[in-house]
$ cat upload_38.pdb   # PDB, C-alpha atoms (C1' of nucleotides)
ATOM      1  CA  MET A 235     -53.630 147.739  85.558
ATOM      2  CA  ARG A 236     -50.544 149.520  84.300
ATOM      3  CA  ILE A 237     -50.595 153.301  83.780
ATOM      4  CA  ALA A 238     -47.848 155.589  82.518
ATOM      5  CA  THR A 239     -47.088 159.270  82.030
ATOM      6  CA  TRP A 240     -44.738 160.744  79.458
ATOM      7  CA  ASN A 241     -43.886 164.249  78.333
ATOM      8  CA  VAL A 242     -43.324 163.198  74.753
ATOM      9  CA  ASN A 243     -42.178 166.567  73.299
ATOM     10  CA  SER A 244     -44.231 166.322  70.097
ATOM     11  CA  LEU A 245     -46.475 163.342  69.521
ATOM     12  CA  ARG A 246     -46.087 163.659  65.768
ATOM     13  CA  SER A 247     -42.321 163.273  65.800
ATOM     14  CA  ARG A 248     -42.491 160.511  68.435
ATOM     15  CA  ILE A 249     -45.479 158.466  67.306
ATOM     16  CA  ASP A 250     -43.354 155.435  66.393
ATOM     17  CA  ARG A 251     -41.730 155.509  69.828
ATOM     18  CA  VAL A 252     -45.104 155.809  71.560
ATOM     19  CA  GLU A 253     -46.475 152.802  69.707
ATOM     20  CA  ALA A 254     -43.372 150.762  70.531
ATOM     21  CA  PHE A 255     -43.459 151.890  74.165
ATOM     22  CA  VAL A 256     -47.068 150.878  74.877
ATOM     23  CA  GLN A 257     -46.455 147.498  73.269
ATOM     24  CA  ARG A 258     -43.110 146.878  74.976
ATOM     25  CA  HIS A 259     -44.525 147.459  78.460
ATOM     26  CA  GLU A 260     -48.161 146.466  77.828
ATOM     27  CA  ILE A 261     -49.384 149.880  78.991
ATOM     28  CA  ASP A 262     -53.121 150.104  79.720
ATOM     29  CA  VAL A 263     -53.359 153.880  80.072
ATOM     30  CA  LEU A 264     -50.804 156.417  78.863
ATOM     31  CA  ALA A 265     -50.973 160.122  79.752
ATOM     32  CA  LEU A 266     -49.026 162.337  77.373
ATOM     33  CA  GLN A 267     -47.847 165.942  77.672
ATOM     34  CA  GLU A 268     -46.424 168.436  75.172
ATOM     35  CA  THR A 269     -48.200 166.730  72.305
ATOM     36  CA  LYS A 270     -47.678 169.964  70.326
ATOM     37  CA  ALA A 271     -50.393 169.450  67.740
ATOM     38  CA  ARG A 272     -54.094 169.589  67.052
ATOM     39  CA  GLU A 273     -55.914 166.266  66.978
ATOM     40  CA  ASP A 274     -56.429 166.468  63.209
ATOM     41  CA  GLN A 275     -52.643 166.599  62.752
ATOM     42  CA  LEU A 276     -51.931 163.478  64.750
ATOM     43  CA  PRO A 277     -51.336 160.091  63.087
ATOM     44  CA  LEU A 278     -53.272 158.017  65.619
ATOM     45  CA  MET A 279     -54.401 155.150  63.386
ATOM     46  CA  GLY A 280     -51.553 152.938  64.551
ATOM     47  CA  LEU A 281     -52.555 153.284  68.196
ATOM     48  CA  GLN A 282     -56.197 152.673  67.323
ATOM     49  CA  ALA A 283     -55.175 149.534  65.471
ATOM     50  CA  LEU A 284     -53.464 148.379  68.666
ATOM     51  CA  GLY A 285     -56.776 148.723  70.500
ATOM     52  CA  TYR A 286     -56.340 152.102  72.172
ATOM     53  CA  ASP A 287     -58.932 154.847  72.524
ATOM     54  CA  ILE A 288     -57.519 158.362  72.403
ATOM     55  CA  ALA A 289     -58.572 161.716  73.850
ATOM     56  CA  VAL A 290     -56.634 164.818  72.860
ATOM     57  CA  ALA A 291     -56.649 168.424  74.066
ATOM     58  CA  GLY A 292     -54.505 171.078  72.483
ATOM     59  CA  THR A 293     -54.169 173.297  69.480
ATOM     60  CA  ASN A 294     -50.705 174.840  69.582
ATOM     61  CA  GLN A 295     -47.065 173.911  69.179
ATOM     62  CA  TRP A 296     -46.079 174.275  72.845
ATOM     63  CA  ASN A 297     -48.577 172.533  75.047
ATOM     64  CA  GLY A 298     -51.147 169.838  74.489
ATOM     65  CA  VAL A 299     -52.079 166.772  76.541
ATOM     66  CA  ALA A 300     -53.632 163.424  75.709
ATOM     67  CA  LEU A 301     -54.863 160.176  77.190
ATOM     68  CA  ILE A 302     -54.529 156.804  75.490
ATOM     69  CA  SER A 303     -56.372 153.825  76.983
ATOM     70  CA  ARG A 304     -57.148 150.227  76.106
ATOM     71  CA  VAL A 305     -59.325 149.752  79.233
ATOM     72  CA  GLY A 306     -62.003 152.306  78.454
ATOM     73  CA  LEU A 307     -61.984 156.075  78.082
ATOM     74  CA  ASP A 308     -65.131 157.627  79.519
ATOM     75  CA  ASP A 309     -66.355 161.046  80.648
ATOM     76  CA  VAL A 310     -63.533 162.970  78.980
ATOM     77  CA  GLU A 311     -63.056 166.425  80.445
ATOM     78  CA  VAL A 312     -60.685 169.227  79.450
ATOM     79  CA  GLY A 313     -59.607 171.181  82.490
ATOM     80  CA  PHE A 314     -58.331 174.591  83.504
ATOM     81  CA  PRO A 315     -58.317 176.439  80.187
ATOM     82  CA  GLN A 316     -58.241 179.816  81.925
ATOM     83  CA  GLN A 317     -56.356 182.669  80.362
ATOM     84  CA  PRO A 318     -53.244 183.780  82.214
ATOM     85  CA  PRO A 319     -53.507 187.314  83.605
ATOM     86  CA  PHE A 320     -51.143 188.698  80.988
ATOM     87  CA  GLY A 321     -53.280 187.361  78.159
ATOM     88  CA  ASP A 322     -50.942 184.967  76.383
ATOM     89  CA  PRO A 323     -53.284 182.514  74.688
ATOM     90  CA  ALA A 324     -50.472 180.110  73.822
ATOM     91  CA  ALA A 325     -49.680 179.638  77.490
ATOM     92  CA  ALA A 326     -53.306 179.178  78.443
ATOM     93  CA  GLU A 327     -54.351 176.230  76.378
ATOM     94  CA  SER A 328     -54.712 172.575  76.922
ATOM     95  CA  ARG A 329     -52.833 171.689  80.048
ATOM     96  CA  ALA A 330     -55.186 169.117  81.507
ATOM     97  CA  ILE A 331     -57.403 166.333  80.262
ATOM     98  CA  ALA A 332     -59.203 163.716  82.312
ATOM     99  CA  ALA A 333     -60.998 160.452  81.625
ATOM    100  CA  THR A 334     -62.176 157.431  83.540
ATOM    101  CA  CYS A 335     -60.178 154.392  82.449
ATOM    102  CA  GLY A 336     -60.751 150.994  83.979
ATOM    103  CA  GLY A 337     -62.538 152.588  86.917
ATOM    104  CA  VAL A 338     -59.757 155.091  87.643
ATOM    105  CA  ARG A 339     -60.137 158.813  87.066
ATOM    106  CA  ILE A 340     -56.891 159.944  85.459
ATOM    107  CA  TRP A 341     -55.772 163.516  84.853
ATOM    108  CA  SER A 342     -52.957 164.127  82.371
ATOM    109  CA  LEU A 343     -51.383 167.398  83.532
ATOM    110  CA  TYR A 344     -48.822 169.737  82.071
ATOM    111  CA  ILE A 345     -48.139 172.282  84.788
ATOM    112  CA  PRO A 346     -46.994 175.654  83.374
ATOM    113  CA  ASN A 347     -43.211 175.919  83.116
ATOM    114  CA  GLY A 348     -42.948 179.370  84.688
ATOM    115  CA  ARG A 349     -39.935 180.374  82.575
ATOM    116  CA  LYS A 350     -38.227 182.651  85.166
ATOM    117  CA  PRO A 351     -39.123 183.550  88.760
ATOM    118  CA  ASP A 352     -39.590 187.197  87.738
ATOM    119  CA  ASP A 353     -41.690 186.330  84.680
ATOM    120  CA  PRO A 354     -45.489 186.714  84.574
ATOM    121  CA  HIS A 355     -45.597 183.059  83.545
ATOM    122  CA  TYR A 356     -44.254 182.184  87.001
ATOM    123  CA  VAL A 357     -47.212 183.933  88.634
ATOM    124  CA  TYR A 358     -49.469 182.085  86.230
ATOM    125  CA  LYS A 359     -47.859 178.784  87.219
ATOM    126  CA  LEU A 360     -48.579 179.332  90.917
ATOM    127  CA  ASP A 361     -52.096 180.530  90.166
ATOM    128  CA  TRP A 362     -52.744 177.497  87.974
ATOM    129  CA  LEU A 363     -51.514 175.157  90.703
ATOM    130  CA  ALA A 364     -53.748 176.885  93.254
ATOM    131  CA  ARG A 365     -56.775 176.393  91.019
ATOM    132  CA  LEU A 366     -55.903 172.757  90.431
ATOM    133  CA  ARG A 367     -55.551 172.186  94.168
ATOM    134  CA  GLU A 368     -58.972 173.704  94.834
ATOM    135  CA  SER A 369     -60.637 171.347  92.361
ATOM    136  CA  ALA A 370     -58.530 168.348  93.332
ATOM    137  CA  ASP A 371     -59.790 168.437  96.897
ATOM    138  CA  SER A 372     -63.153 167.079  95.725
ATOM    139  CA  TRP A 373     -61.456 164.218  93.864
ATOM    140  CA  LEU A 374     -59.734 162.726  96.919
ATOM    141  CA  ASP A 375     -62.681 160.465  97.736
ATOM    142  CA  GLY A 376     -62.471 158.589  94.452
ATOM    143  CA  GLN A 377     -59.881 156.450  92.711
ATOM    144  CA  THR A 378     -58.058 159.374  91.174
ATOM    145  CA  ALA A 379     -54.586 159.952  89.750
ATOM    146  CA  MET A 380     -53.037 163.276  88.770
ATOM    147  CA  VAL A 381     -50.123 162.403  86.530
ATOM    148  CA  GLY A 382     -47.784 164.387  84.362
ATOM    149  CA  ASP A 383     -45.038 166.974  84.126
ATOM    150  CA  TRP A 384     -45.288 169.077  87.267
ATOM    151  CA  ASN A 385     -42.301 171.291  86.394
ATOM    152  CA  ILE A 386     -41.352 171.300  90.091
ATOM    153  CA  CYS A 387     -38.429 169.636  91.869
ATOM    154  CA  PRO A 388     -39.931 169.003  95.321
ATOM    155  CA  THR A 389     -36.585 168.333  97.035
ATOM    156  CA  ASP A 390     -32.921 169.188  96.486
ATOM    157  CA  ASP A 391     -32.323 165.544  95.569
ATOM    158  CA  ASP A 392     -34.503 166.102  92.520
ATOM    159  CA  VAL A 393     -31.959 168.487  90.951
ATOM    160  CA  PHE A 394     -28.537 167.494  89.629
ATOM    161  CA  ASP A 395     -27.011 170.751  90.893
ATOM    162  CA  VAL A 396     -29.078 172.939  93.214
ATOM    163  CA  LYS A 397     -26.562 175.794  93.053
ATOM    164  CA  GLN A 398     -27.029 176.012  89.313
ATOM    165  CA  PHE A 399     -30.776 176.531  89.844
ATOM    166  CA  ALA A 400     -30.433 179.335  92.372
ATOM    167  CA  LYS A 401     -32.164 181.846  90.089
ATOM    168  CA  SER A 402     -34.392 179.387  88.285
ATOM    169  CA  THR A 403     -37.909 178.082  88.468
ATOM    170  CA  HIS A 404     -38.754 174.517  89.573
ATOM    171  CA  VAL A 405     -36.986 174.833  92.948
ATOM    172  CA  THR A 406     -38.335 178.056  94.483
ATOM    173  CA  PRO A 407     -40.051 177.825  97.898
ATOM    174  CA  PRO A 408     -43.466 178.898  96.545
ATOM    175  CA  GLU A 409     -43.382 176.158  93.892
ATOM    176  CA  ARG A 410     -42.337 173.560  96.439
ATOM    177  CA  ALA A 411     -45.020 174.792  98.835
ATOM    178  CA  ALA A 412     -47.587 174.422  96.081
ATOM    179  CA  PHE A 413     -46.546 170.825  95.489
ATOM    180  CA  GLN A 414     -46.473 170.085  99.217
ATOM    181  CA  GLY A 415     -49.997 171.474  99.484
ATOM    182  CA  PHE A 416     -51.352 168.533  97.523
ATOM    183  CA  LEU A 417     -49.578 166.115  99.856
ATOM    184  CA  ASP A 418     -50.946 167.986 102.876
ATOM    185  CA  ASP A 419     -54.439 167.571 101.438
ATOM    186  CA  GLY A 420     -54.001 163.796 101.322
ATOM    187  CA  TRP A 421     -52.568 163.058  97.882
ATOM    188  CA  ALA A 422     -49.717 160.521  97.795
ATOM    189  CA  GLU A 423     -46.813 160.730  95.345
ATOM    190  CA  VAL A 424     -46.526 157.046  94.508
ATOM    191  CA  THR A 425     -43.532 156.802  92.131
ATOM    192  CA  ARG A 426     -40.609 158.001  94.253
ATOM    193  CA  ALA A 427     -40.541 155.054  96.662
ATOM    194  CA  HIS A 428     -40.300 152.533  93.812
ATOM    195  CA  ALA A 429     -38.519 154.598  91.169
ATOM    196  CA  PRO A 430     -35.834 156.969  92.452
ATOM    197  CA  GLY A 431     -33.842 159.068  89.993
ATOM    198  CA  TYR A 432     -34.482 161.729  87.422
ATOM    199  CA  THR A 433     -37.204 161.787  84.776
ATOM    200  CA  TYR A 434     -35.932 164.671  82.634
ATOM    201  CA  TRP A 435     -32.552 165.536  81.146
ATOM    202  CA  ASP A 436     -31.945 168.622  79.036
ATOM    203  CA  TYR A 437     -30.984 167.917  75.440
ATOM    204  CA  TYR A 438     -27.726 169.806  75.440
ATOM    205  CA  ARG A 439     -24.419 169.409  77.204
ATOM    206  CA  GLN A 440     -24.866 165.644  77.214
ATOM    207  CA  ARG A 441     -26.933 165.902  80.338
ATOM    208  CA  PHE A 442     -28.382 162.406  79.938
ATOM    209  CA  GLU A 443     -25.021 160.765  79.401
ATOM    210  CA  ARG A 444     -23.765 162.396  82.620
ATOM    211  CA  ASP A 445     -27.065 161.801  84.490
ATOM    212  CA  ARG A 446     -27.490 165.487  85.199
ATOM    213  CA  GLY A 447     -31.277 165.694  85.260
ATOM    214  CA  LEU A 448     -34.376 166.668  87.185
ATOM    215  CA  LYS A 449     -37.176 164.708  88.793
ATOM    216  CA  ILE A 450     -40.308 166.580  87.725
ATOM    217  CA  ASP A 451     -42.721 163.907  86.443
ATOM    218  CA  PHE A 452     -44.930 162.539  89.212
ATOM    219  CA  VAL A 453     -48.039 160.505  89.893
ATOM    220  CA  LEU A 454     -50.243 161.800  92.710
ATOM    221  CA  ALA A 455     -52.830 159.290  93.848
ATOM    222  CA  SER A 456     -55.883 159.572  96.068
ATOM    223  CA  PRO A 457     -55.633 157.407  99.224
ATOM    224  CA  THR A 458     -57.691 154.496  97.910
ATOM    225  CA  LEU A 459     -55.762 154.440  94.645
ATOM    226  CA  ALA A 460     -52.401 154.802  96.393
ATOM    227  CA  SER A 461     -53.148 151.642  98.379
ATOM    228  CA  ARG A 462     -53.344 149.743  95.076
ATOM    229  CA  VAL A 463     -49.852 150.696  93.861
ATOM    230  CA  THR A 464     -47.563 147.667  93.639
ATOM    231  CA  GLY A 465     -44.594 149.187  91.818
ATOM    232  CA  ALA A 466     -43.228 151.865  89.531
ATOM    233  CA  PHE A 467     -40.292 152.438  87.227
ATOM    234  CA  ILE A 468     -38.741 155.040  84.959
ATOM    235  CA  ASP A 469     -38.034 153.801  81.433
ATOM    236  CA  LYS A 470     -34.660 155.505  80.998
ATOM    237  CA  ASP A 471     -33.992 153.579  77.795
ATOM    238  CA  GLU A 472     -36.656 155.728  76.167
ATOM    239  CA  ARG A 473     -34.547 158.838  76.884
ATOM    240  CA  ASP A 474     -31.357 157.215  75.590
ATOM    241  CA  PRO A 475     -30.319 158.659  72.205
ATOM    242  CA  ALA A 476     -28.547 155.391  71.488
ATOM    243  CA  GLN A 477     -31.799 153.423  71.637
ATOM    244  CA  GLY A 478     -34.936 153.453  69.521
ATOM    245  CA  THR A 479     -35.490 155.313  66.279
ATOM    246  CA  GLY A 480     -34.954 159.042  65.884
ATOM    247  CA  SER A 481     -34.228 161.504  68.674
ATOM    248  CA  PRO A 482     -35.769 160.814  72.082
ATOM    249  CA  SER A 483     -37.984 163.106  74.115
ATOM    250  CA  ASP A 484     -36.138 165.005  76.833
ATOM    251  CA  HIS A 485     -38.362 163.189  79.377
ATOM    252  CA  ALA A 486     -38.450 159.487  80.198
ATOM    253  CA  PRO A 487     -41.814 157.794  80.742
ATOM    254  CA  VAL A 488     -42.842 156.853  84.289
ATOM    255  CA  VAL A 489     -44.830 153.630  84.700
ATOM    256  CA  VAL A 490     -47.000 152.671  87.703
ATOM    257  CA  ASP A 491     -48.586 149.268  88.405
ATOM    258  CA  LEU A 492     -51.911 148.935  90.220
ATOM    259  CA  SER A 493     -53.359 145.803  91.780
TER     260      SER A 493
ATOM    261  C1'  DA B 295     -23.216 185.013  81.966
ATOM    262  C1'  DT B 296     -23.424 182.115  78.109
ATOM    263  C1'  DG B 297     -24.320 178.174  75.491
ATOM    264  C1'  DG B 298     -25.843 173.931  74.215
ATOM    265  C1'  DT B 299     -30.408 170.900  71.506
ATOM    266  C1'  DT B 300     -34.978 169.910  69.905
ATOM    267  C1'  DG B 301     -39.622 170.962  67.774
ATOM    268  C1'  DA B 302     -43.012 173.851  65.384
ATOM    269  C1'  DC B 303     -48.121 177.157  60.900
ATOM    270  C1'  DG B 304     -39.815 178.233  61.868
ATOM    271  C1'  DA B 305     -37.391 183.690  59.539
ATOM    272  C1'  DT B 306     -37.936 183.123  66.282
ATOM    273  C1'  DC B 307     -40.021 181.230  70.381
ATOM    274  C1'  DA B 308     -40.579 177.874  74.000
ATOM    275  C1'  DA B 309     -38.731 174.391  76.609
TER     276       DA B 309
END
$ encode --input "upload_38.pdb" --output "structure tokens"
Amino acid sequence: MRIATWNVNSLRSRIDRVEAFVQRHEIDVLALQETKAREDQLPLMGLQALGYDIAVAGTNQWNGVALISRVGLDDVEVGFPQQPPFGDPAAAESRAIAATCGGVRIWSLYIPNGRKPDDPHYVYKLDWLARLRESADSWLDGQTAMVGDWNICPTDDDVFDVKQFAKSTHVTPPERAAFQGFLDDGWAEVTRAHAPGYTYWDYYRQRFERDRGLKIDFVLASPTLASRVTGAFIDKDERDPAQGTGSPSDHAPVVVDLS
DNA sequence: ATGGTTGACGATCAA
């Protein structure tokens, strides 16, 4: 089975790319983030015609997650819709959706960005991660994957220039500790060993062309699922403005193969 | 410190 995760930065504007991507790589399950639309706005007929079932969560233009599967899509669950403490409904919505696909429980996650370390959204990010970790502990026994945009660079190697991020989110010790907490609990990050390199490049300053990016998209697997991983790769072509139709997402998809 | 780019119920905000 082949699964993938992709922060698509608007599913409406990227639907042609998504359809081409799942066909090109014969993807069985695709987790999407930043879909940026309600389900009734999404042109999903093409994916359905290709044999995919679709589950969508999200109602605003910033967040939104989805799961697309051609190997079953059962027991769909929308997770962690709690309001942030400062009461910003836009930040609260639709950051997690789960389904069982081909016997694997898959969570598509869009961890809160945090904006700035002194912003209330940063507190919300850490709180959200703590809540996810609490729930995730009970999922370790199964064949479970938590995939998506974690908005954390776990190591200095995951940032093109650490000095430039001195006053930024994604690299602060509390964020890294939050990520490490999942690993301490027994989750395995299964993409890094097979697929080094960045997964995100900002749109401006020709960051992609100069390979000045971040590694923030990860697949965390429960022990039994991790033992099934045979490979992984980052589809950098999908981030290349010179390839495909229209502008690319600022993230590249990450693909993982399971035995 | 600022700017640069992209997307969306666009006249700014979020990333």
$ resolve_selection --input "upload_38.pdb" --expression "the PyMOL selection byres ((chain A) within 6 of (chain B))" --output "list in words"
Gln295, Tyr437, Tyr438 and Arg439 of chain A
$ closest_residue --input "upload_38.pdb" --among "A:Leu459, A:Ala412, A:Ile386, A:Ile450" --to "Glu368 (chain A)" --atoms "all atoms listed in the file"
A:Ala412
$ residues_around --input "upload_38.pdb" --residues "Gly478 (chain A)" --least-positions-apart "4" --cutoff "10 Å" --atoms "all atoms listed in the file" --output "PyMOL selection string"
chain A and resi 250-251+254-255+471-474+482
$ residues_around --input "upload_38.pdb" --residues "Ala476 (chain A)" --least-positions-apart "6" --cutoff "12 Å" --atoms "all atoms listed in the file" --output "PDB file with C-alpha atoms, in the frame of the given file"
ATOM      1  CA  PHE A 442     -28.382 162.406  79.938  1.00  0.00           C
ATOM      2  CA  GLU A 443     -25.021 160.765  79.401  1.00  0.00           C
ATOM      3  CA  LYS A 470     -34.660 155.505  80.998  1.00  0.00           C
ATOM      4  CA  PRO A 482     -35.769 160.814  72.082  1.00  0.00           C
TER       5      PRO A 482
END
$ axis_aligned_box --input "upload_38.pdb" --around "region 297-309 of chain B" --padding-each-side "8 Å" --output "JSON"
{"center_x": -36.2, "center_y": 176.8, "center_z": 68.1, "size_x": 39.8, "size_y": 29.8, "size_z": 33.1}
$ resolve_selection --input "upload_38.pdb" --expression "the PyMOL selection byres ((chain A and resi 432) around 6)" --output "list in words"
Gly431, Thr433, Tyr434, Gly447, Leu448 and Lys449 of chain A
$ resolve_selection --input "upload_38.pdb" --expression "the PyMOL selection byres ((chain A and resi 269) around 12)" --output "MDAnalysis selection string"
(chainID A and resid 240:249 252 265:268 270:273 275:277 289:301 328:330 342:344 483) or (chainID B and resid 301:302)
$ atom_distance --input "upload_38.pdb" --atom1 "CA of Phe413 (chain A)" --atom2 "CA of Pro388 (chain A)"
6.9 Å
$ closest_residue --input "upload_38.pdb" --among "A:Leu454, A:Val305, A:Cys387, A:Ala370" --to "Gly336 (chain A)" --atoms "all atoms listed in the file"
A:Val305
$ atom_distance --input "upload_38.pdb" --atom1 "CA of Ile302 (chain A)" --atom2 "CA of Glu253 (chain A)"
10.7 Å
$ atom_distance --input "upload_38.pdb" --atom1 "CA of Asp469 (chain A)" --atom2 "CA of Arg258 (chain A)"
10.7 Å
$ decode --input "upload_38.pdb" --residues "region 352-374 of chain A" --atoms "N, CA, C and O atoms" --output "mmCIF file, in the first residue's frame"
data_model
loop_
_atom_site.group_PDB
_atom_site.id
_atom_site.type_symbol
_atom_site.label_atom_id
_atom_site.label_comp_id
_atom_site.auth_asym_id
_atom_site.auth_seq_id
_atom_site.Cartn_x
_atom_site.Cartn_y
_atom_site.Cartn_z
ATOM 1 N N ASP A 352 5.566 34.876 20.499
ATOM 2 C CA ASP A 352 4.865 35.665 21.521
ATOM 3 C C ASP A 352 3.384 35.848 21.186
ATOM 4 O O ASP A 352 2.700 36.662 21.796
ATOM 5 N N ASP A 353 2.904 35.084 20.221
ATOM 6 C CA ASP A 353 1.502 35.194 19.793
ATOM 7 C C ASP A 353 0.651 34.163 20.539
ATOM 8 O O ASP A 353 1.114 33.070 20.824
ATOM 9 N N PRO A 354 -0.604 34.509 20.848
ATOM 10 C CA PRO A 354 -1.493 33.514 21.468
ATOM 11 C C PRO A 354 -1.635 32.241 20.632
ATOM 12 O O PRO A 354 -1.882 31.170 21.178
ATOM 13 N N HIS A 355 -1.479 32.376 19.316
ATOM 14 C CA HIS A 355 -1.570 31.186 18.467
ATOM 15 C C HIS A 355 -0.438 30.189 18.751
ATOM 16 O O HIS A 355 -0.574 29.003 18.484
ATOM 17 N N TYR A 356 0.682 30.694 19.253
ATOM 18 C CA TYR A 356 1.788 29.805 19.620
ATOM 19 C C TYR A 356 1.413 28.958 20.837
ATOM 20 O O TYR A 356 1.689 27.752 20.881
ATOM 21 N N VAL A 357 0.767 29.587 21.811
ATOM 22 C CA VAL A 357 0.282 28.851 22.982
ATOM 23 C C VAL A 357 -0.732 27.797 22.547
ATOM 24 O O VAL A 357 -0.714 26.648 23.001
ATOM 25 N N TYR A 358 -1.604 28.219 21.645
ATOM 26 C CA TYR A 358 -2.607 27.298 21.104
ATOM 27 C C TYR A 358 -1.954 26.109 20.414
ATOM 28 O O TYR A 358 -2.389 24.966 20.558
ATOM 29 N N LYS A 359 -0.905 26.369 19.661
ATOM 30 C CA LYS A 359 -0.177 25.296 18.972
ATOM 31 C C LYS A 359 0.334 24.251 19.967
ATOM 32 O O LYS A 359 0.124 23.042 19.771
ATOM 33 N N LEU A 360 0.988 24.704 21.025
ATOM 34 C CA LEU A 360 1.527 23.775 22.018
ATOM 35 C C LEU A 360 0.402 23.036 22.737
ATOM 36 O O LEU A 360 0.507 21.831 23.013
ATOM 37 N N ASP A 361 -0.674 23.748 23.020
ATOM 38 C CA ASP A 361 -1.810 23.116 23.690
ATOM 39 C C ASP A 361 -2.442 22.044 22.783
ATOM 40 O O ASP A 361 -2.787 20.952 23.233
ATOM 41 N N TRP A 362 -2.565 22.382 21.525
ATOM 42 C CA TRP A 362 -3.143 21.449 20.549
ATOM 43 C C TRP A 362 -2.281 20.190 20.445
ATOM 44 O O TRP A 362 -2.794 19.059 20.431
ATOM 45 N N LEU A 363 -0.975 20.371 20.392
ATOM 46 C CA LEU A 363 -0.068 19.229 20.321
ATOM 47 C C LEU A 363 -0.161 18.367 21.573
ATOM 48 O O LEU A 363 -0.107 17.137 21.493
ATOM 49 N N ALA A 364 -0.324 19.017 22.732
ATOM 50 C CA ALA A 364 -0.443 18.259 23.983
ATOM 51 C C ALA A 364 -1.712 17.416 23.979
ATOM 52 O O ALA A 364 -1.718 16.258 24.415
ATOM 53 N N ARG A 365 -2.792 17.985 23.470
ATOM 54 C CA ARG A 365 -4.048 17.230 23.398
ATOM 55 C C ARG A 365 -3.940 16.078 22.415
ATOM 56 O O ARG A 365 -4.440 14.984 22.668
ATOM 57 N N LEU A 366 -3.302 16.323 21.289
ATOM 58 C CA LEU A 366 -3.112 15.249 20.312
ATOM 59 C C LEU A 366 -2.300 14.116 20.929
ATOM 60 O O LEU A 366 -2.635 12.939 20.771
ATOM 61 N N ARG A 367 -1.250 14.482 21.648
ATOM 62 C CA ARG A 367 -0.376 13.452 22.235
ATOM 63 C C ARG A 367 -1.140 12.598 23.237
ATOM 64 O O ARG A 367 -0.963 11.377 23.283
ATOM 65 N N GLU A 368 -1.992 13.235 24.024
ATOM 66 C CA GLU A 368 -2.801 12.488 25.000
ATOM 67 C C GLU A 368 -3.653 11.430 24.299
ATOM 68 O O GLU A 368 -3.689 10.271 24.698
ATOM 69 N N SER A 369 -4.341 11.841 23.242
ATOM 70 C CA SER A 369 -5.198 10.899 22.514
ATOM 71 C C SER A 369 -4.382 9.851 21.783
ATOM 72 O O SER A 369 -4.758 8.680 21.711
ATOM 73 N N ALA A 370 -3.259 10.285 21.225
ATOM 74 C CA ALA A 370 -2.459 9.391 20.370
ATOM 75 C C ALA A 370 -1.910 8.211 21.149
ATOM 76 O O ALA A 370 -1.655 7.148 20.571
ATOM 77 N N ASP A 371 -1.729 8.377 22.431
ATOM 78 C CA ASP A 371 -1.165 7.300 23.244
ATOM 79 C C ASP A 371 -1.996 6.021 23.127
ATOM 80 O O ASP A 371 -1.453 4.912 23.127
ATOM 81 N N SER A 372 -3.317 6.191 22.996
ATOM 82 C CA SER A 372 -4.194 5.010 22.922
ATOM 83 C C SER A 372 -4.230 4.415 21.514
ATOM 84 O O SER A 372 -4.844 3.375 21.308
ATOM 85 N N TRP A 373 -3.592 5.077 20.560
ATOM 86 C CA TRP A 373 -3.583 4.570 19.185
ATOM 87 C C TRP A 373 -2.331 3.752 18.880
ATOM 88 O O TRP A 373 -2.212 3.170 17.800
ATOM 89 N N LEU A 374 -1.377 3.734 19.803
ATOM 90 C CA LEU A 374 -0.083 3.101 19.527
ATOM 91 C C LEU A 374 -0.207 1.605 19.289
ATOM 92 O O LEU A 374 0.610 1.012 18.582
#
